[in-house]
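In what follows, a single structure is set out as structure tokens and then discussed.
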Protein chains: 2
Amino acid sequence: MAYRSEQLDDIFLALADPTRRSVLGRLGRGPASISDLAEPFDMALPSFMKHIRMLEGTGLIRTEKQGRVRTCIIEKQAFAAVEGWLAAQHALWEGRTDRLERFVTAMLDKENPE
Amino acid sequence: MAYRSEQLDDIFLALADPTRRSVLGRLGRGPASISDLAEPFDMALPSFMKHIRMLEGTGLIRTEKQGRVRTCIIEKQAFAAVEGWLAAQHALWEGRTDRLERFVTAMLDKENPE
């Protein structure tokens, strides 16, 4: 895999929280300011900022400051680390099926020689 | 989504660890006993068992005891919770692109009436 294990640790940990997943869902519809993002949550701003900084640290989002407003933007390519890991699992599963298929075919050939 | 948020919390948390991801990779190639699974790790068995129990608690694996040997088996369908969440994110991204496309098309139509 092209992704460092620690990067996957951080990304999966970031995704293991409903507030952070909800923020990613909102940003999936377009960039938003931190105050707009925080609005639906009954949470003090410093607590909310911890979530934002954790998402930013993983590369799942980036933030840009224009004047007094900090805008958050989703970084879709960072999701590829998770998708790559899942694809690798599927490849293992399918590899196993292929080998099982070859084994069964070999057994049948042995039982029914031409 | 058909998945409870707490289930996703637990699954993502379980995936945020290299030992647990490695165990899932091994089980993706077929069932294995706990002692076989533990073998590559320089870890006391009680510590390793915590990882196994965490994976089992999320439903990503199940275990079966036959005599003295406990065998671990991957539960591929549990990965659908993660895949469903990722698919929902993509749907949001694509929904946004579609709306942007409609907006741009509408603007062009306005600028260039037939």
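To be explicit about the labels: the chains of the structure tokens are called A, B, and onward in the order shown, and within each one the residues are counted from 1, while ligands get numbers from 1 in the order they are shown.
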Find the residues of chain A in contact range of chain B, meaning any atom within 10 Å when counting only C-alpha atoms, and list them as number ranges by chain. A: 5-18, 21, 24-30, 74, 76, 79, 82-83, 85-86, 88-97, 99
What residues in chain A get the DSSP label helix (DSSP H, G or I)? Please answer as a count of residues only. 76
Write out as a PyMOL selection string each polymer residue whose atoms come within 10 Å of Pro31 (chain A), counting only C-alpha atoms; drop sequence neighbours fewer than 6 positions from it. chain A and resi 37+61-63+71-74
Would you put the residues from that selection into a file with N, CA, C and O atoms, as a compact mmCIF listing (two decimals), in the first residue's frame?
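Below is the file again-v2.txt, written as the result:
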```txt
# COMPACT_ATOMS: atom_id res chain seq x y z
N LEU A 37 -19.92 25.76 10.51
CA LEU A 37 -19.78 24.32 10.81
C LEU A 37 -20.16 24.01 12.25
O LEU A 37 -20.77 22.97 12.54
N ILE A 61 -9.25 17.47 5.75
CA ILE A 61 -9.70 18.82 5.40
C ILE A 61 -8.49 19.76 5.42
O ILE A 61 -7.45 19.42 6.00
N ARG A 62 -8.63 20.91 4.76
CA ARG A 62 -7.66 21.97 4.95
C ARG A 62 -8.44 23.22 5.33
O ARG A 62 -9.67 23.28 5.13
N THR A 63 -7.76 24.18 5.95
CA THR A 63 -8.44 25.43 6.30
C THR A 63 -7.68 26.59 5.69
O THR A 63 -6.46 26.52 5.49
N THR A 71 -12.03 29.31 6.68
CA THR A 71 -12.90 28.45 5.88
C THR A 71 -12.30 27.05 5.82
O THR A 71 -11.09 26.90 5.69
N CYS A 72 -13.16 26.05 5.94
CA CYS A 72 -12.72 24.65 5.86
C CYS A 72 -13.12 24.06 4.51
O CYS A 72 -14.21 24.34 4.00
N ILE A 73 -12.23 23.28 3.95
CA ILE A 73 -12.44 22.68 2.62
C ILE A 73 -12.09 21.19 2.73
O ILE A 73 -11.07 20.83 3.31
N ILE A 74 -12.94 20.34 2.15
CA ILE A 74 -12.66 18.91 2.20
C ILE A 74 -11.52 18.57 1.23
O ILE A 74 -11.36 19.22 0.19
```
12 Å contact set for Lys50 (chain B), only C-alpha atoms, chain neighbours under 5 positions out, as number ranges by chain: B: 14, 19-20, 34, 38, 43-45, 55-57
Preceding selection exported with C-alpha atoms as a PDB file, in the first residue's frame:
```pdb
ATOM      1  CA  ALA B  14     -11.054  -0.759  15.688  1.00  0.00           C
ATOM      2  CA  THR B  19      -2.156  -4.729  14.909  1.00  0.00           C
ATOM      3  CA  ARG B  20      -5.899  -4.968  14.379  1.00  0.00           C
ATOM      4  CA  ILE B  34      -5.667 -17.079  18.014  1.00  0.00           C
ATOM      5  CA  ALA B  38      -0.652 -13.789  17.689  1.00  0.00           C
ATOM      6  CA  MET B  43       2.996  -8.955  22.418  1.00  0.00           C
ATOM      7  CA  ALA B  44       1.792 -10.713  25.571  1.00  0.00           C
ATOM      8  CA  LEU B  45      -1.276 -12.877  24.913  1.00  0.00           C
ATOM      9  CA  LEU B  55     -12.526  -6.722  16.653  1.00  0.00           C
ATOM     10  CA  GLU B  56     -15.125  -9.280  17.738  1.00  0.00           C
ATOM     11  CA  GLY B  57     -17.137  -6.561  19.552  1.00  0.00           C
TER      12      GLY B  57
END
```
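For the pair CA of Pro46 (chain B) and CA of Lys65 (chain B), the separation is 17.3 Å.
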For CA of Ser22 (chain B) and CA of Arg4 (chain B), the interatomic separation in Å (one decimal):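 Going from CA of Ser22 (chain B) over to CA of Arg4 (chain B), I get 25.3 Å.
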Find the distance between CA of Thr58 (chain B) and CA of Ala78 (chain A) and write it in Å to one decimal. 24.4 Å
